[in-house]
>>> print(open('final_12.txt').read())   # compact mmCIF, C-alpha atoms
# COMPACT_ATOMS: atom_id res chain seq x y z
CA MET I 1 3.37 24.15 180.84
CA THR I 2 6.61 23.33 182.62
CA GLU I 3 8.28 20.31 181.10
CA LYS I 4 8.86 17.40 183.47
CA ILE I 5 11.35 15.24 181.64
CA ALA I 6 12.27 11.58 181.94
CA VAL I 7 14.92 9.72 179.94
CA ILE I 8 14.11 6.03 179.58
CA GLY I 9 17.23 3.91 179.19
CA LEU I 10 20.53 4.89 180.85
CA GLY I 11 23.08 3.30 178.56
CA TYR I 12 25.68 4.90 176.29
CA VAL I 13 23.05 7.19 174.77
CA GLY I 14 20.57 7.85 177.55
CA LEU I 15 22.94 8.61 180.43
CA PRO I 16 24.93 11.44 178.77
CA LEU I 17 21.66 12.90 177.48
CA ALA I 18 19.98 12.77 180.89
CA LEU I 19 22.99 14.38 182.61
CA ALA I 20 23.10 17.16 180.02
CA LEU I 21 19.38 17.89 180.44
CA ALA I 22 19.71 17.88 184.23
CA LYS I 23 21.93 20.97 183.99
CA TYR I 24 19.04 23.01 182.59
CA PHE I 25 15.80 21.37 183.74
CA PRO I 26 14.85 20.60 187.36
CA ASN I 27 13.94 17.13 188.61
CA ILE I 28 15.03 15.25 185.49
CA ILE I 29 14.41 11.52 185.92
CA GLY I 30 16.76 8.90 184.52
CA PHE I 31 14.94 5.56 184.36
CA ASP I 32 16.26 2.07 183.61
CA ILE I 33 14.82 -1.38 184.33
CA ASN I 34 18.28 -2.84 185.03
CA SER I 35 18.59 -2.77 188.83
CA ASP I 36 22.34 -3.46 188.73
CA ARG I 37 22.84 -0.51 186.40
CA ILE I 38 20.76 1.71 188.70
CA ASN I 39 22.74 0.65 191.77
CA GLN I 40 26.03 1.40 190.03
CA LEU I 41 24.91 4.84 188.87
CA GLN I 42 23.50 5.71 192.30
CA ASN I 43 26.98 4.93 193.63
CA ASN I 44 28.53 7.20 190.98
CA ILE I 45 29.89 4.34 188.87
CA ASP I 46 29.39 4.22 185.11
CA SER I 47 30.55 0.82 183.84
CA THR I 48 30.56 2.11 180.24
CA GLY I 49 33.38 4.52 181.10
CA GLU I 50 31.66 7.39 179.30
CA ILE I 51 30.79 9.40 182.43
CA ASN I 52 33.14 10.00 185.36
CA ALA I 53 32.22 9.76 189.04
CA HIS I 54 32.54 13.52 189.58
CA ASP I 55 29.87 14.32 187.00
CA LEU I 56 27.51 11.71 188.42
CA ARG I 57 28.06 12.86 191.98
CA ASN I 58 27.40 16.50 191.18
CA SER I 59 24.38 16.01 188.94
CA GLN I 60 20.79 16.70 190.01
CA LEU I 61 19.60 13.75 187.91
CA ILE I 62 17.15 11.47 189.73
CA ILE I 63 18.23 7.90 188.93
CA THR I 64 15.59 5.24 189.44
CA ASN I 65 13.94 2.02 188.31
CA ASP I 66 10.67 2.90 190.09
CA VAL I 67 7.91 3.33 187.49
CA ASP I 68 5.82 5.36 189.93
CA GLN I 69 8.35 8.19 189.73
CA LEU I 70 7.39 8.62 186.05
CA LYS I 71 3.75 9.44 186.78
CA ASN I 72 4.19 13.22 186.74
CA THR I 73 6.31 13.22 183.58
CA ASN I 74 4.98 15.01 180.50
CA PHE I 75 8.05 14.76 178.24
CA PHE I 76 9.54 11.31 177.70
CA ILE I 77 12.74 10.52 175.79
CA ILE I 78 13.26 6.88 174.85
CA ALA I 79 16.90 5.80 174.44
CA VAL I 80 16.89 2.01 174.60
CA PRO I 81 18.80 -0.48 172.42
CA THR I 82 17.35 -1.68 169.11
CA PRO I 83 19.51 -4.66 168.10
CA ILE I 84 18.91 -7.38 165.51
CA ASP I 85 18.11 -11.04 166.08
CA ALA I 86 20.02 -14.11 164.91
CA CYS I 87 18.35 -13.84 161.49
CA HIS I 88 19.37 -10.18 161.08
CA ARG I 89 15.80 -8.98 161.60
CA PRO I 90 15.00 -5.90 163.74
CA ASP I 91 14.53 -6.76 167.41
CA LEU I 92 12.10 -4.21 168.87
CA ILE I 93 11.59 -5.93 172.23
CA SER I 94 13.31 -3.22 174.31
CA ILE I 95 11.58 -0.32 172.58
CA ILE I 96 8.20 -2.05 172.90
CA GLN I 97 8.83 -2.71 176.59
CA ALA I 98 9.80 0.95 177.14
CA THR I 99 6.71 2.06 175.24
CA LYS I 100 4.46 -0.11 177.41
CA THR I 101 6.06 1.39 180.52
CA ILE I 102 5.23 4.88 179.28
CA ALA I 103 1.68 3.85 178.38
CA SER I 104 1.14 2.76 181.99
CA VAL I 105 1.85 6.25 183.37
CA ILE I 106 1.18 8.70 180.53
CA LYS I 107 -1.31 11.56 180.90
CA CYS I 108 -2.97 13.90 178.42
CA GLY I 109 -0.64 16.48 176.91
CA ALA I 110 2.51 14.36 177.06
CA ILE I 111 5.17 14.27 174.35
CA ILE I 112 7.17 11.10 173.67
CA VAL I 113 10.43 11.42 171.73
CA TYR I 114 12.25 8.33 170.48
CA GLU I 115 16.03 8.36 170.03
CA SER I 116 16.48 4.64 169.36
CA THR I 117 17.44 3.66 165.82
CA VAL I 118 14.41 2.28 163.96
CA TYR I 119 13.22 1.88 160.40
CA PRO I 120 10.80 4.52 159.04
CA GLY I 121 7.32 4.05 160.45
CA VAL I 122 8.15 2.50 163.83
CA THR I 123 7.60 5.64 165.93
CA GLU I 124 4.14 6.43 164.60
CA GLY I 125 3.00 3.07 163.24
CA ILE I 126 4.10 0.79 166.08
CA CYS I 127 4.99 2.81 169.19
CA GLY I 128 2.26 5.43 168.90
CA LYS I 129 -0.43 2.83 168.29
CA LEU I 130 0.83 0.76 171.23
CA ILE I 131 0.67 3.75 173.60
CA ALA I 132 -2.87 4.52 172.44
CA GLU I 133 -3.95 0.91 172.85
CA LYS I 134 -2.47 0.48 176.33
CA SER I 135 -3.36 3.93 177.73
CA GLY I 136 -6.73 4.58 176.12
CA LEU I 137 -5.49 7.99 174.95
CA LYS I 138 -5.73 9.20 171.36
CA GLN I 139 -2.53 9.43 169.31
CA GLY I 140 -1.92 12.90 167.90
CA ILE I 141 -4.59 14.40 170.16
CA ASP I 142 -4.06 13.35 173.79
CA PHE I 143 -0.35 12.71 173.32
CA LYS I 144 2.18 13.69 170.66
CA LEU I 145 5.15 11.87 169.18
CA GLY I 146 8.62 13.00 168.17
CA TYR I 147 11.86 11.51 166.93
CA SER I 148 15.43 12.69 167.40
CA PRO I 149 18.04 10.10 166.41
CA GLU I 150 21.06 9.62 168.63
CA ARG I 151 24.38 10.47 167.00
CA ILE I 152 26.89 9.84 169.77
CA ASN I 153 30.18 8.31 168.65
CA PHE I 154 31.21 6.16 171.61
CA GLY I 155 34.72 6.76 172.86
CA ASP I 156 35.04 9.98 170.82
CA LYS I 157 35.96 12.83 173.15
CA ASN I 158 35.84 15.42 170.35
CA HIS I 159 32.42 14.78 168.79
CA THR I 160 30.42 14.80 172.00
CA LEU I 161 26.66 15.15 172.45
CA GLU I 162 26.70 18.93 172.66
CA LYS I 163 28.87 19.32 169.54
CA ILE I 164 26.77 17.27 167.12
CA VAL I 165 23.84 18.85 165.28
CA LYS I 166 20.61 17.29 166.56
CA VAL I 167 18.00 16.21 164.06
CA VAL I 168 14.51 16.67 165.53
CA ALA I 169 11.07 15.81 164.24
CA GLY I 170 7.52 16.02 165.55
CA GLU I 171 4.14 14.87 164.30
CA ASP I 172 2.93 18.47 164.06
CA LYS I 173 4.43 21.96 163.99
CA GLU I 174 3.71 22.76 167.65
CA THR I 175 5.24 19.50 168.87
CA LEU I 176 8.30 19.97 166.67
CA GLU I 177 8.94 23.41 168.14
CA LYS I 178 8.63 22.15 171.74
CA ILE I 179 11.07 19.34 171.04
CA ALA I 180 13.49 21.73 169.31
CA GLN I 181 13.37 24.15 172.25
CA ILE I 182 14.35 21.47 174.74
CA TYR I 183 17.23 20.10 172.69
CA ARG I 184 18.52 23.60 171.90
CA LYS I 185 19.26 24.00 175.61
CA ILE I 186 21.94 21.32 175.51
CA ILE I 187 23.08 21.14 171.87
CA LYS I 188 25.59 23.90 171.17
CA ALA I 189 25.85 22.82 167.53
CA GLY I 190 22.14 23.54 167.06
CA VAL I 191 19.17 21.52 165.87
CA TYR I 192 17.91 20.60 162.42
CA LYS I 193 14.14 20.32 161.97
CA ALA I 194 13.28 17.38 159.75
CA THR I 195 10.11 17.64 157.69
CA SER I 196 8.58 14.52 159.26
CA ILE I 197 9.24 11.75 161.75
CA LYS I 198 9.75 9.24 158.92
CA VAL I 199 12.36 11.51 157.32
CA ALA I 200 14.27 11.69 160.62
CA GLU I 201 14.05 7.91 161.08
CA MET I 202 15.34 7.36 157.55
CA ALA I 203 18.15 9.89 157.98
CA LYS I 204 19.45 7.95 160.97
CA VAL I 205 19.55 4.54 159.31
CA ILE I 206 21.25 5.82 156.15
CA GLU I 207 24.02 7.57 158.14
CA ASN I 208 25.39 4.25 159.34
CA THR I 209 24.42 2.42 156.16
CA GLN I 210 26.64 4.82 154.22
CA ARG I 211 29.56 4.17 156.58
CA ASP I 212 28.97 0.43 156.41
CA LEU I 213 29.11 0.43 152.62
CA ASN I 214 32.26 2.53 152.50
CA ILE I 215 34.02 0.21 154.95
CA ALA I 216 32.82 -2.80 152.94
CA LEU I 217 34.43 -1.26 149.86
CA MET I 218 37.71 -0.86 151.75
CA ASN I 219 37.51 -4.45 153.00
CA GLU I 220 37.03 -5.72 149.47
CA ILE I 221 39.93 -3.57 148.28
CA ALA I 222 42.06 -4.95 151.13
CA ILE I 223 41.36 -8.51 149.98
CA ILE I 224 42.38 -7.59 146.44
CA CYS I 225 45.53 -5.82 147.69
CA ASP I 226 46.47 -8.93 149.65
CA LYS I 227 46.22 -11.04 146.51
CA LEU I 228 48.41 -8.47 144.73
CA GLU I 229 50.88 -8.65 147.66
CA ILE I 230 50.75 -4.92 148.38
CA ARG I 231 49.81 -3.20 151.64
CA THR I 232 46.36 -1.64 151.73
CA SER I 233 47.62 1.11 154.05
CA ASP I 234 50.24 2.12 151.48
CA VAL I 235 47.59 2.26 148.77
CA LEU I 236 45.26 4.37 150.92
CA ALA I 237 48.07 6.73 151.93
CA ALA I 238 48.68 7.45 148.25
CA ALA I 239 44.98 7.75 147.39
CA LYS I 240 44.29 10.15 150.28
CA THR I 241 46.49 12.79 148.66
CA LYS I 242 43.51 13.63 146.42
CA TRP I 243 41.26 16.20 148.11
CA ASN I 244 37.97 14.33 147.61
CA PHE I 245 39.08 10.80 148.52
CA LEU I 246 37.02 9.52 151.46
CA PRO I 247 39.33 8.35 154.29
CA PHE I 248 37.69 5.05 155.21
CA THR I 249 39.77 2.06 156.26
CA PRO I 250 39.20 -1.72 156.31
CA GLY I 251 38.48 -3.64 159.48
CA LEU I 252 36.01 -5.61 161.57
CA VAL I 253 32.61 -3.92 161.63
CA GLY I 254 30.78 -4.66 164.86
CA GLY I 255 28.95 -2.72 167.53
CA HIS I 256 25.30 -1.83 167.76
CA CYS I 257 25.21 0.85 165.05
CA ILE I 258 27.14 0.34 161.81
CA GLY I 259 26.81 -3.44 161.91
CA VAL I 260 23.12 -3.30 162.83
CA ASP I 261 21.36 -0.25 161.38
CA PRO I 262 21.56 -1.32 157.71
CA TYR I 263 19.47 -4.37 158.54
CA TYR I 264 16.69 -2.11 159.83
CA LEU I 265 16.60 -0.43 156.45
CA THR I 266 16.83 -3.62 154.39
CA ALA I 267 14.12 -5.32 156.46
CA LYS I 268 11.71 -2.48 155.73
CA ALA I 269 12.70 -2.39 152.06
CA GLU I 270 12.01 -6.11 151.68
CA GLU I 271 8.67 -5.67 153.45
CA LEU I 272 7.83 -3.13 150.74
CA GLY I 273 8.80 -5.58 148.01
CA TYR I 274 12.24 -4.19 147.16
CA TYR I 275 15.43 -6.23 147.51
CA PRO I 276 18.33 -3.86 148.40
CA GLU I 277 21.27 -5.48 146.62
CA VAL I 278 24.05 -2.96 147.33
CA ILE I 279 23.35 -2.61 151.05
CA LEU I 280 23.12 -6.35 151.64
CA ALA I 281 26.26 -6.97 149.57
CA GLY I 282 28.14 -4.58 151.87
CA ARG I 283 26.76 -6.39 154.90
CA ARG I 284 27.87 -9.77 153.55
CA ILE I 285 31.41 -8.50 153.00
CA ASN I 286 31.71 -6.93 156.43
CA ASP I 287 30.14 -9.90 158.21
CA SER I 288 32.64 -12.24 156.52
CA MET I 289 35.81 -10.46 157.62
CA GLY I 290 36.27 -12.38 160.88
CA GLN I 291 36.27 -15.63 158.92
CA TYR I 292 38.66 -14.15 156.36
CA LEU I 293 41.13 -13.06 159.04
CA GLY I 294 41.01 -16.45 160.75
CA GLN I 295 41.79 -18.26 157.52
CA LYS I 296 44.56 -15.79 156.73
CA LEU I 297 46.24 -16.41 160.08
CA VAL I 298 46.26 -20.15 159.44
CA LYS I 299 47.99 -19.56 156.10
CA LEU I 300 50.55 -17.31 157.80
CA LEU I 301 51.29 -19.98 160.42
CA VAL I 302 51.92 -22.48 157.61
CA LYS I 303 54.18 -19.96 155.91
CA ALA I 304 56.16 -19.58 159.14
CA ASN I 305 56.49 -23.39 159.45
CA LEU I 306 54.56 -23.33 162.72
CA SER I 307 52.24 -26.14 163.76
CA ILE I 308 48.58 -25.23 163.45
CA LYS I 309 47.48 -27.91 165.86
CA ASP I 310 49.76 -26.71 168.66
CA ALA I 311 49.81 -23.02 167.75
CA LYS I 312 49.73 -20.65 170.70
CA VAL I 313 47.83 -17.61 169.46
CA GLY I 314 47.08 -14.43 171.39
CA ILE I 315 44.28 -12.07 170.41
CA LEU I 316 44.50 -8.52 171.72
CA GLY I 317 41.11 -6.86 172.05
CA ILE I 318 37.51 -8.11 172.24
CA THR I 319 35.52 -4.84 172.27
CA PHE I 320 33.84 -3.74 169.06
CA LYS I 321 36.27 -0.85 168.64
CA GLU I 322 39.30 0.68 170.30
CA ASN I 323 39.43 2.50 173.63
CA ILE I 324 35.92 1.59 174.83
CA SER I 325 34.57 -1.26 176.97
CA ASP I 326 31.52 -2.11 174.85
CA ILE I 327 31.55 -5.71 173.56
CA ARG I 328 28.12 -5.73 171.88
CA ASN I 329 28.19 -7.40 168.48
CA SER I 330 31.97 -7.70 168.54
CA LYS I 331 33.20 -9.26 165.31
CA VAL I 332 36.35 -10.49 167.03
CA ILE I 333 34.10 -13.37 168.09
CA ASP I 334 33.79 -14.44 164.44
CA LEU I 335 37.59 -14.51 164.20
CA ILE I 336 37.83 -16.62 167.34
CA SER I 337 35.18 -19.01 166.04
CA GLU I 338 37.04 -19.47 162.75
CA LEU I 339 40.31 -20.25 164.53
CA LYS I 340 38.56 -22.82 166.72
CA ASP I 341 37.32 -24.55 163.58
CA PHE I 342 41.00 -25.15 162.76
CA GLY I 343 41.68 -26.51 166.24
CA ILE I 344 43.24 -23.28 167.54
CA HIS I 345 41.99 -22.05 170.90
CA PRO I 346 43.35 -18.51 171.18
CA LEU I 347 44.20 -16.65 174.36
CA VAL I 348 42.11 -13.48 174.35
CA HIS I 349 43.03 -10.38 176.34
CA ASP I 350 41.36 -6.99 176.68
CA PRO I 351 42.25 -4.34 179.29
CA LEU I 352 38.89 -2.56 179.02
CA ALA I 353 36.28 -5.30 178.65
CA ASP I 354 34.52 -6.61 181.75
CA HIS I 355 35.53 -10.27 182.24
CA LYS I 356 32.15 -11.25 183.68
CA ILE I 357 30.18 -9.64 180.87
CA VAL I 358 32.38 -11.31 178.24
CA LYS I 359 31.77 -14.66 179.91
CA GLN I 360 28.02 -14.10 180.06
CA GLU I 361 27.72 -12.82 176.50
CA TYR I 362 30.15 -15.08 174.65
CA ASP I 363 31.06 -17.88 177.10
CA LEU I 364 34.67 -16.75 176.75
CA ASP I 365 37.27 -16.46 179.49
CA LEU I 366 39.63 -13.53 179.01
CA VAL I 367 43.22 -14.19 180.07
CA ASN I 368 45.51 -12.06 182.20
CA TRP I 369 48.40 -10.23 180.57
CA ARG I 370 51.01 -12.46 182.21
CA GLU I 371 49.53 -15.52 180.46
CA LEU I 372 50.56 -14.15 177.08
CA ILE I 373 54.09 -15.49 176.71
CA ASN I 374 56.12 -17.13 173.93
CA LEU I 375 53.28 -16.85 171.43
CA ASP I 376 53.44 -18.28 167.92
CA ALA I 377 51.13 -15.53 166.72
CA ILE I 378 49.56 -12.33 167.93
CA ILE I 379 46.49 -10.76 166.39
CA LEU I 380 46.13 -7.09 167.27
CA ALA I 381 42.38 -7.10 166.67
CA VAL I 382 41.46 -3.93 168.58
CA PRO I 383 44.21 -1.29 168.78
CA HIS I 384 43.55 0.06 172.27
CA LEU I 385 45.94 2.87 173.14
CA SER I 386 47.33 0.77 175.97
CA TYR I 387 48.54 -1.75 173.39
CA ILE I 388 50.13 0.59 170.90
CA ASP I 389 51.75 3.18 173.18
CA ASN I 390 54.74 0.84 173.56
CA VAL I 391 54.69 -1.80 170.84
CA GLU I 392 58.07 -3.33 171.75
CA GLU I 393 57.11 -4.01 175.35
CA LYS I 394 53.38 -4.56 175.01
CA ILE I 395 53.29 -6.75 171.90
CA LEU I 396 56.63 -7.83 170.48
CA SER I 397 57.95 -9.10 173.81
CA LYS I 398 55.10 -11.62 173.89
CA LEU I 399 55.90 -13.06 170.46
CA LYS I 400 58.45 -15.66 169.35
CA ASN I 401 61.25 -14.28 167.18
CA ASN I 402 59.95 -16.15 164.15
CA GLY I 403 56.29 -15.64 165.04
CA VAL I 404 53.37 -14.12 163.15
CA LEU I 405 52.01 -10.64 163.85
CA MET I 406 48.61 -9.77 162.39
CA ASP I 407 47.91 -6.05 162.65
CA VAL I 408 44.25 -5.78 161.63
CA LYS I 409 44.07 -1.97 161.56
CA SER I 410 47.63 -1.30 160.32
CA VAL I 411 48.60 0.79 163.33
CA ILE I 412 52.10 -0.59 164.00
CA ASP I 413 55.17 1.19 162.65
CA LEU I 414 57.04 -1.32 160.48
CA LYS I 415 60.37 0.23 161.52
CA LYS I 416 59.89 -1.24 164.99
CA LEU I 417 59.60 -4.81 163.72
CA SER I 418 62.24 -7.50 163.43
CA SER I 419 62.82 -8.96 159.99
CA SER I 420 62.61 -12.46 161.48
CA LEU I 421 58.89 -12.31 162.18
CA ILE I 422 56.05 -12.45 159.66
CA TYR I 423 53.95 -9.30 159.66
CA TRP I 424 50.58 -8.91 157.95
CA SER I 425 47.94 -6.19 158.03
CA LEU I 426 44.49 -5.89 156.50
>>> encode(input="final_12.txt", output="structure tokens")
Amino acid sequence: MTEKIAVIGLGYVGLPLALALAKYFPNIIGFDINSDRINQLQNNIDSTGEINAHDLRNSQLIITNDVDQLKNTNFFIIAVPTPIDACHRPDLISIIQATKTIASVIKCGAIIVYESTVYPGVTEGICGKLIAEKSGLKQGIDFKLGYSPERINFGDKNHTLEKIVKVVAGEDKETLEKIAQIYRKIIKAGVYKATSIKVAEMAKVIENTQRDLNIALMNEIAIICDKLEIRTSDVLAAAKTKWNFLPFTPGLVGGHCIGVDPYYLTAKAEELGYYPEVILAGRRINDSMGQYLGQKLVKLLVKANLSIKDAKVGILGITFKENISDIRNSKVIDLISELKDFGIHPLVHDPLADHKIVKQEYDLDLVNWRELINLDAIILAVPHLSYIDNVEEKILSKLKNNGVLMDVKSVIDLKKLSSSLIYWSL
């Protein structure tokens, strides 16, 4: 049977995947319920900045929000967000909505592959049962399930979709092989067949949990180094000379992966009666870093004999990491909130973030570059290349001679700094 493929969700994960598949399979459908997103993509505009206009214009991908166009599909790939709620519990609303959409059009013989990050058991125990309930078809007989976790590193032009080994899983041997065959077409690095869907789901959540814990360790070490009055970056530079030292660095841990996925694992563990102490301890450390940085800046302002009440503070960067436009779960917001608690209302600038989206998401007005003048302090929160390619002009010229410079990621060369200012890095 010829596969008629649809990718549900055209965000950071789904769009690159759909475009890659469209090179090898005819009439690939890219579906999203966001009409604004669909209009942009149909006009060859990708607001995420991951895909250029040329690639959109020359692709055979059918971009739509019309559910009827999914009726002839027999191979669905779900790539929708799976965030957490305010209580750090898994929020499955988007994946459930996508699943219901599929259930409304699915026919016998279809395969549904989920790429969204979930805890073990969601694909078969929640999504599969929901499809069966809404469609009247039998799970494992009339339709088959698969799981292939996304591994895209946003903003990384080296580790792209095609260059990352793809983990694939299916609920039976035949389904697994069909899924593997399709992904092999686009993944030059090859595919890895997991022994079960639950194994593949678990593999995904522990990838980012491992990174989260390692960064939490570095953040805790950075706090200790600060109390010892030594630079963390100097310590890490020395430690990295050993061949098996893991090169993690401290910082704000946001985004929709590393700062979110561990909670999917801990929620399931607690449901099973196990309290995951190490994972949650790492989360507490990383979630507290915005507050820590805010308090540290206040101490630095006092040290510089600058008024806290009237301090003019600029924050450079609002996205969750450098050189991308994604602001989801940005931990810079925690830093801003902490400063406001001290009566400081910082001026926040970001050359990549969409001003309207920032306003909608965080009720925050980004400032223009020209508004950053004669600042008492600058916090380089997100080291976009546009900030650090000319530190003297882009950063130091905005700061008072006796001001405070907080370099969260330790990217600035100390040789370029005046001895009159106070410099601090995490």
>>> closest_residue(input="final_12.txt", among="I:Thr123, I:Ala304, I:Ser397, I:Asp363", to="Ser420 in chain I", atoms="all atoms listed in the file")
I:Ala304
>>> residues_near_point(input="final_12.txt", point="(52.3, -20.8, 165.9)", cutoff="12 Å", atoms="only C-alpha atoms", output="ChimeraX atom specification")
/I:297-314,344-346,374-379,399-405,421-422
>>> write_last_selection(input="final_12.txt", atoms="C-alpha atoms", output="CSV table (one decimal), in the coordinates of the input")
chain,number,residue,atom,x,y,z
I,297,LEU,CA,46.2,-16.4,160.1
I,298,VAL,CA,46.3,-20.2,159.4
I,299,LYS,CA,48.0,-19.6,156.1
I,300,LEU,CA,50.6,-17.3,157.8
I,301,LEU,CA,51.3,-20.0,160.4
I,302,VAL,CA,51.9,-22.5,157.6
I,303,LYS,CA,54.2,-20.0,155.9
I,304,ALA,CA,56.2,-19.6,159.1
I,305,ASN,CA,56.5,-23.4,159.4
I,306,LEU,CA,54.6,-23.3,162.7
I,307,SER,CA,52.2,-26.1,163.8
I,308,ILE,CA,48.6,-25.2,163.4
I,309,LYS,CA,47.5,-27.9,165.9
I,310,ASP,CA,49.8,-26.7,168.7
I,311,ALA,CA,49.8,-23.0,167.8
I,312,LYS,CA,49.7,-20.6,170.7
I,313,VAL,CA,47.8,-17.6,169.5
I,314,GLY,CA,47.1,-14.4,171.4
I,344,ILE,CA,43.2,-23.3,167.5
I,345,HIS,CA,42.0,-22.0,170.9
I,346,PRO,CA,43.4,-18.5,171.2
I,374,ASN,CA,56.1,-17.1,173.9
I,375,LEU,CA,53.3,-16.8,171.4
I,376,ASP,CA,53.4,-18.3,167.9
I,377,ALA,CA,51.1,-15.5,166.7
I,378,ILE,CA,49.6,-12.3,167.9
I,379,ILE,CA,46.5,-10.8,166.4
I,399,LEU,CA,55.9,-13.1,170.5
I,400,LYS,CA,58.4,-15.7,169.4
I,401,ASN,CA,61.2,-14.3,167.2
I,402,ASN,CA,60.0,-16.2,164.2
I,403,GLY,CA,56.3,-15.6,165.0
I,404,VAL,CA,53.4,-14.1,163.2
I,405,LEU,CA,52.0,-10.6,163.8
I,421,LEU,CA,58.9,-12.3,162.2
I,422,ILE,CA,56.0,-12.4,159.7
>>> residues_around(input="final_12.txt", residues="Thr232 in chain I", least_positions_apart="3", cutoff="7 Å", atoms="all atoms listed in the file", output="MDAnalysis selection string")
chainID I and resid 222 225 235:236 426
>>> atom_distance(input="final_12.txt", atom1="CA of Gln97 in chain I", atom2="CA of Ala203 in chain I")
24.3 Å
>>> residues_around(input="final_12.txt", residues="Gly254 in chain I", least_positions_apart="5", cutoff="8 Å", atoms="only C-alpha atoms", output="MDAnalysis selection string")
chainID I and resid 259 320:321 328:331
>>> atom_distance(input="final_12.txt", atom1="CA of Tyr274 in chain I", atom2="CA of Glu124 in chain I")
22.0 Å
>>> atom_distance(input="final_12.txt", atom1="CA of Val348 in chain I", atom2="CA of Val367 in chain I")
5.9 Å
>>> closest_residue(input="final_12.txt", among="I:Asn44, I:Lys340, I:Ile5, I:Gln360", to="Tyr183 in chain I", atoms="all atoms listed in the file")
I:Ile5
>>> closest_residue(input="final_12.txt", among="I:Ala216, I:Leu10, I:Ile258, I:Ile102", to="Pro83 in chain I", atoms="only C-alpha atoms")
I:Ile258
>>> closest_residue(input="final_12.txt", among="I:Leu17, I:Leu396, I:Leu70, I:Val80", to="Thr117 in chain I", atoms="all atoms listed in the file")
I:Val80
>>> residues_around(input="final_12.txt", residues="Gly255 in chain I", least_positions_apart="6", cutoff="12 Å", atoms="all atoms listed in the file", output="PyMOL selection string")
chain I and resi 81-84+153-154+208+212+261+287+318-322+324-333
>>> closest_residue(input="final_12.txt", among="I:Tyr119, I:Tyr12, I:Tyr114, I:Phe25", to="Gly146 in chain I", atoms="all atoms listed in the file")
I:Tyr114
